[in-house]
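Down below is the structure, laid out as structure tokens.
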Amino acid sequence: MTTEQGLGLITGILFGFLLQKGRVLRFDKQVGAMLLKDMTILKFMLSAILVGMVGILILSNAQIITLGHKPMNLGAVIVGGGLFGIGWAVMGFCPGTSIGALGEGRWHAIFAILGMLAGAAIYAEIYPICKTSVLAWKDFGKIGLPETLGVSPWIIVAVFWAIILCLFAWFEKKRL
Amino acid sequence: MKWKTDDGGWSPYLAGALLGVLAIGSAFATTKILKKTSFLGASTTFVRAAGLIEQTVAAEHVAANEYFTKEKVRVDWQFMLVLGIFIGALVASVPDGSFRIEGVPPTWEKRFGPSIVKRAIGAILGGIIAMIGARMADGCPSGHGLSGMMQLSVSSFVALGMFFGCGVLVAHLVYGRRSA
């Protein structure tokens with residue numbers, strides 16, 4: 001195993017451990033969030049984002065790490081994001097959690113994994129068509145929110161924290 | 001607020017915050033050790049895995065495919081990360097008793113009954129649609145939802161909105177009705 005592979009494996013084990021302890025791997029938790037009945041996965045994801053965004057901003061401001069924005073390609077994000085949402089609801093897993101669900105014994109996740117492998121193979125075949133259609137509508141490039149809005153990233157982080165903490169308080173009040 | 005859930009899990013706020021720390025540490029470690037910042041993600045690995053499987057029967061086809069060439073079919077950092085998720089979930093779930101052999105998830109069973117075949121068809125079709133979408137959008141709830149949001153990427157705010165918006169809509173259509 002190369003250093004690259006070893007580092008990935010260790011990071012993945014920790015990632016899977018936290019996903020499992022947070023109880024977000026289950027089909028019922030994912031569908032529960034989409035039915036707006038159980039907000040466990042949103043609490044988990046948003047907590048990770050709140051903490052992560054501060055550290056990532058500090059490290060990138062200090063030029064220790066480089067950011068890697070994904071392109072703001074309008075068709076890709078709107079159509080692709082929509083298709084993902086539709087499939088996610090029916091499948092009840094996302095790519096990362098399907099593998100984790102298999103690890104905690106929910107063996108039916110294998111069907112989701114097989115479906116996603118097929119989906120990836122199909123996308124590889126239709127990519128040339130997508131490139132001249134959906135992906136060709138409008139590409140704003142790899143942009144971040146601070147430069148797009150023209151405000152300091154710290155203001156965005158502060159506003160985001162405030163909104164999400166209010167949301168958490170509401171989740172707890174409503175016992176979601 | 002409780003730090004433990006009723007079934008022995010951790011508070012999602014605590015586990016999530018620790019994942020935030022892991023994401024920061026991982027961005028730092030990949031930059032220092034691999035000389036290139038990598039962020040947590042999962043869906044590209046499905047492309048590489050599909051390519052590796054296809055290679056065993058049609059190597060030339062994979063080599064000639066533009067998308068496989070673009071994403072590079074190999075066992076890289078993220079590929080091992082995804083395999084690691086399996087191990088991590090196994091290690092976490094066995095000692096605390098939450099590991100359970102399950103063929104059909106309860107929410108699904110309430111709506112569609114105990115048939116494994118029905119569950120398999122739903123999961124495979126859903127998986128195909130979701131992965132086509134994730135590759136088109138260039139990320140899933142890990143790459144866009146976690147990593148992109150942490151970096152304040154415009155595309156990730158839109159993608160996560162679409163993921164969740166369409167998910168909520170379709171989940172209500174599929175599971176919302178009373179079970180037969």
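By convention in this document, the chains of the structure tokens carry letters A, B, ... by their order, each chain's residues are numbered from 1, and ligands are numbered from 1 in the order they are shown.
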TODO: Quick one: everything within 7 Å of stretch 120-136 of chain B, counting only C-alpha atoms, minus sequence neighbours fewer than 4 positions away in the same chain. Send it as JSON, numbers by chain.
DONE: {"A": [76, 80, 81, 83, 84, 85, 86, 87, 88, 90, 91, 111, 112, 113, 114, 115, 116, 118, 119, 120, 123], "B": [43, 116, 140]}
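Within the 8 Å cut-off around B:Ser153, using only C-alpha atoms and omitting residues fewer than 6 positions from it on the same chain, the listed residues are His69, Lys70, Lys142, Ile143, Gly144 and Leu145 of chain A.
Counting only C-alpha atoms and comparing A:Ala33, A:Met1, A:Leu9, A:Ile164, the residue that lies closest to chain B is A:Leu9.
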Open item on the list: Taking 6 positions as the minimum chain separation for residues in the same chain, which residues sit within 7 Å of stretch 17-29 of chain B when counting only C-alpha atoms? Answer as a ChimeraX atom specification.
Closed with: /A:11,15,18,47-49,51-52,55-56,65 /B:37-40
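Distance-wise, atom CA of B:Tyr67 and atom CA of A:Asp139 end up 18.6 Å apart.
Atom pair atom CA of A:Arg106 / atom CA of B:Val170: separated by 22.8 Å.
Picture a line from atom CA of A:Ser133 to atom CA of A:Ile78; it runs 13.3 Å.
Restricting the calculation to only C-alpha atoms, the smallest distance between chain A and any of B:Thr31, B:Ile53, B:Val117, B:Arg74 is found for B:Thr31.
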What are the DSSP alpha helix (DSSP H) residues of stretch 24-162 of chain B, as a PDB file with C-alpha atoms, in the first residue's frame?
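For reference, part.pdb as written:
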ATOM      1  CA  ILE B  24      -9.762  19.990   8.896  1.00  0.00           C
ATOM      2  CA  GLY B  25      -7.098  17.473   9.926  1.00  0.00           C
ATOM      3  CA  SER B  26      -7.505  15.582   6.679  1.00  0.00           C
ATOM      4  CA  ALA B  27      -7.146  18.712   4.523  1.00  0.00           C
ATOM      5  CA  PHE B  28      -3.981  19.529   6.477  1.00  0.00           C
ATOM      6  CA  ALA B  29      -2.561  15.987   6.346  1.00  0.00           C
ATOM      7  CA  THR B  30      -3.139  15.486   2.612  1.00  0.00           C
ATOM      8  CA  THR B  31      -1.489  18.854   1.894  1.00  0.00           C
ATOM      9  CA  LYS B  32       1.554  18.105   4.064  1.00  0.00           C
ATOM     10  CA  ILE B  33       2.019  14.433   3.179  1.00  0.00           C
ATOM     11  CA  LEU B  34       0.681  14.172  -0.386  1.00  0.00           C
ATOM     12  CA  SER B  43     -18.846   9.524  -5.414  1.00  0.00           C
ATOM     13  CA  THR B  44     -15.786   9.649  -7.727  1.00  0.00           C
ATOM     14  CA  THR B  45     -14.763   6.321  -6.207  1.00  0.00           C
ATOM     15  CA  PHE B  46     -17.865   4.717  -7.749  1.00  0.00           C
ATOM     16  CA  VAL B  47     -16.617   5.838 -11.180  1.00  0.00           C
ATOM     17  CA  ARG B  48     -13.174   4.354 -10.542  1.00  0.00           C
ATOM     18  CA  ALA B  49     -14.655   1.128  -9.147  1.00  0.00           C
ATOM     19  CA  ALA B  50     -17.005   0.825 -12.147  1.00  0.00           C
ATOM     20  CA  GLY B  51     -13.990   1.377 -14.420  1.00  0.00           C
ATOM     21  CA  LEU B  52     -11.943  -1.279 -12.616  1.00  0.00           C
ATOM     22  CA  ILE B  53     -14.798  -3.786 -12.954  1.00  0.00           C
ATOM     23  CA  GLU B  54     -15.399  -2.938 -16.624  1.00  0.00           C
ATOM     24  CA  GLN B  55     -11.677  -3.252 -17.317  1.00  0.00           C
ATOM     25  CA  THR B  56     -11.803  -6.972 -16.536  1.00  0.00           C
ATOM     26  CA  VAL B  57     -14.136  -7.579 -19.491  1.00  0.00           C
ATOM     27  CA  ALA B  58     -13.541  -4.606 -21.805  1.00  0.00           C
ATOM     28  CA  ALA B  59     -10.154  -3.026 -21.102  1.00  0.00           C
ATOM     29  CA  GLU B  60      -9.949  -1.229 -24.442  1.00  0.00           C
ATOM     30  CA  HIS B  61     -13.383   0.280 -24.056  1.00  0.00           C
ATOM     31  CA  VAL B  62     -12.456   1.748 -20.648  1.00  0.00           C
ATOM     32  CA  ALA B  63      -9.131   3.054 -21.958  1.00  0.00           C
ATOM     33  CA  ALA B  64     -10.918   4.806 -24.834  1.00  0.00           C
ATOM     34  CA  GLU B  66     -13.311  10.064 -22.158  1.00  0.00           C
ATOM     35  CA  TYR B  67     -14.876  10.169 -18.683  1.00  0.00           C
ATOM     36  CA  PHE B  68     -12.870   7.250 -17.288  1.00  0.00           C
ATOM     37  CA  THR B  69      -9.723   8.864 -18.681  1.00  0.00           C
ATOM     38  CA  LYS B  70     -10.659  12.203 -17.072  1.00  0.00           C
ATOM     39  CA  GLU B  71     -11.313  10.671 -13.635  1.00  0.00           C
ATOM     40  CA  TRP B  77      -6.691   8.234  -1.672  1.00  0.00           C
ATOM     41  CA  GLN B  78     -10.475   8.591  -1.901  1.00  0.00           C
ATOM     42  CA  PHE B  79     -10.926   4.957  -2.993  1.00  0.00           C
ATOM     43  CA  MET B  80      -9.214   3.785   0.197  1.00  0.00           C
ATOM     44  CA  LEU B  81     -11.178   6.349   2.192  1.00  0.00           C
ATOM     45  CA  VAL B  82     -14.439   4.806   0.986  1.00  0.00           C
ATOM     46  CA  LEU B  83     -13.204   1.294   1.874  1.00  0.00           C
ATOM     47  CA  GLY B  84     -12.180   2.697   5.259  1.00  0.00           C
ATOM     48  CA  ILE B  85     -15.762   3.856   5.920  1.00  0.00           C
ATOM     49  CA  PHE B  86     -16.830   0.187   5.804  1.00  0.00           C
ATOM     50  CA  ILE B  87     -14.182  -0.815   8.358  1.00  0.00           C
ATOM     51  CA  GLY B  88     -14.896   2.184  10.603  1.00  0.00           C
ATOM     52  CA  ALA B  89     -18.638   1.443  10.665  1.00  0.00           C
ATOM     53  CA  LEU B  90     -17.962  -2.223  11.449  1.00  0.00           C
ATOM     54  CA  VAL B  91     -15.535  -1.373  14.270  1.00  0.00           C
ATOM     55  CA  ALA B  92     -17.968   1.164  15.763  1.00  0.00           C
ATOM     56  CA  SER B  93     -21.118  -0.960  15.551  1.00  0.00           C
ATOM     57  CA  PRO B 106     -38.215  -0.717   8.681  1.00  0.00           C
ATOM     58  CA  THR B 107     -39.424   2.472   6.935  1.00  0.00           C
ATOM     59  CA  TRP B 108     -39.366   0.705   3.577  1.00  0.00           C
ATOM     60  CA  GLU B 109     -41.115  -2.375   4.970  1.00  0.00           C
ATOM     61  CA  LYS B 110     -43.951  -0.263   6.404  1.00  0.00           C
ATOM     62  CA  ARG B 111     -44.704   1.092   2.953  1.00  0.00           C
ATOM     63  CA  PHE B 112     -43.759  -1.741   0.571  1.00  0.00           C
ATOM     64  CA  ILE B 116     -36.340  -8.177  -0.587  1.00  0.00           C
ATOM     65  CA  VAL B 117     -36.862  -8.179  -4.359  1.00  0.00           C
ATOM     66  CA  LYS B 118     -38.930  -4.976  -4.188  1.00  0.00           C
ATOM     67  CA  ARG B 119     -36.295  -3.351  -1.969  1.00  0.00           C
ATOM     68  CA  ALA B 120     -33.548  -4.433  -4.379  1.00  0.00           C
ATOM     69  CA  ILE B 121     -35.341  -2.979  -7.405  1.00  0.00           C
ATOM     70  CA  GLY B 122     -35.981   0.319  -5.594  1.00  0.00           C
ATOM     71  CA  ALA B 123     -32.402   0.594  -4.374  1.00  0.00           C
ATOM     72  CA  ILE B 124     -30.864  -0.278  -7.756  1.00  0.00           C
ATOM     73  CA  LEU B 125     -33.061   2.166  -9.710  1.00  0.00           C
ATOM     74  CA  GLY B 126     -32.565   4.870  -7.072  1.00  0.00           C
ATOM     75  CA  GLY B 127     -28.833   4.195  -7.073  1.00  0.00           C
ATOM     76  CA  ILE B 128     -28.567   4.546 -10.849  1.00  0.00           C
ATOM     77  CA  ILE B 129     -30.442   7.879 -10.890  1.00  0.00           C
ATOM     78  CA  ALA B 130     -28.606   9.242  -7.840  1.00  0.00           C
ATOM     79  CA  MET B 131     -25.143   8.396  -9.165  1.00  0.00           C
ATOM     80  CA  ILE B 132     -25.825   9.873 -12.611  1.00  0.00           C
ATOM     81  CA  GLY B 133     -26.935  13.012 -10.759  1.00  0.00           C
ATOM     82  CA  ALA B 134     -23.953  13.055  -8.412  1.00  0.00           C
ATOM     83  CA  ARG B 135     -21.460  12.724 -11.259  1.00  0.00           C
ATOM     84  CA  MET B 136     -23.232  15.401 -13.275  1.00  0.00           C
ATOM     85  CA  ALA B 137     -23.216  17.758 -10.265  1.00  0.00           C
ATOM     86  CA  MET B 149     -20.018  23.886   2.198  1.00  0.00           C
ATOM     87  CA  MET B 150     -16.968  24.110   4.480  1.00  0.00           C
ATOM     88  CA  VAL B 154     -21.310  28.587  -4.442  1.00  0.00           C
ATOM     89  CA  SER B 155     -21.981  25.340  -6.337  1.00  0.00           C
ATOM     90  CA  SER B 156     -22.268  23.378  -3.084  1.00  0.00           C
ATOM     91  CA  PHE B 157     -24.930  25.650  -1.596  1.00  0.00           C
ATOM     92  CA  VAL B 158     -27.011  25.181  -4.765  1.00  0.00           C
ATOM     93  CA  ALA B 159     -26.295  21.435  -4.999  1.00  0.00           C
ATOM     94  CA  LEU B 160     -27.190  20.741  -1.364  1.00  0.00           C
ATOM     95  CA  GLY B 161     -30.409  22.741  -1.805  1.00  0.00           C
ATOM     96  CA  MET B 162     -31.298  20.635  -4.850  1.00  0.00           C
TER      97      MET B 162
END
Open item on the list: List as a PyMOL selection string the protein and nucleic acid residues near A:Leu19, meaning an atom at most 8 Å away when only C-alpha atoms are counted, but skip any in the same chain fewer than 5 places from it.
Closed with: (chain A and resi 24-25+97+100) or (chain B and resi 15+89)
Could those selected residues go to a file with C-alpha atoms, as an mmCIF file, in the first residue's frame?
data_model
loop_
_atom_site.group_PDB
_atom_site.id
_atom_site.type_symbol
_atom_site.label_atom_id
_atom_site.label_comp_id
_atom_site.auth_asym_id
_atom_site.auth_seq_id
_atom_site.Cartn_x
_atom_site.Cartn_y
_atom_site.Cartn_z
ATOM 1 C CA VAL A 24 -26.529 8.572 10.367
ATOM 2 C CA LEU A 25 -25.839 5.489 8.236
ATOM 3 C CA THR A 97 -23.332 6.031 3.827
ATOM 4 C CA GLY A 100 -20.976 2.379 5.980
ATOM 5 C CA ALA B 15 -20.155 13.158 16.273
ATOM 6 C CA ALA B 89 -18.638 1.443 10.665
#
What's around stretch 141-144 of chain B at 6 Å? Count only C-alpha atoms, leave out sequence neighbours fewer than 3 positions away in its own chain, and write the answer as an mmCIF file with C-alpha atoms, in the first residue's frame.
data_model
loop_
_atom_site.group_PDB
_atom_site.id
_atom_site.type_symbol
_atom_site.label_atom_id
_atom_site.label_comp_id
_atom_site.auth_asym_id
_atom_site.auth_seq_id
_atom_site.Cartn_x
_atom_site.Cartn_y
_atom_site.Cartn_z
ATOM 1 C CA GLY B 41 -15.701 12.823 -0.854
ATOM 2 C CA SER B 147 -16.439 19.615 1.869
ATOM 3 C CA GLY B 148 -17.953 22.182 -0.500
ATOM 4 C CA SER B 156 -22.268 23.378 -3.084
#
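With distances restricted to only C-alpha atoms, B:Pro105 is the closest residue to A:Gly32 from B:Pro105, B:Gly9, B:Gly113, B:Gly145.
For the choices B:Ser115, B:Leu173, B:Trp10, B:Pro95, the atom-to-atom distance to chain A is smallest for B:Trp10 when using only C-alpha atoms.
Here the question is which of B:Lys36, B:Tyr175, B:Gly8, B:Gly167 gets nearest to chain A using only C-alpha atoms, and that residue is B:Gly167.
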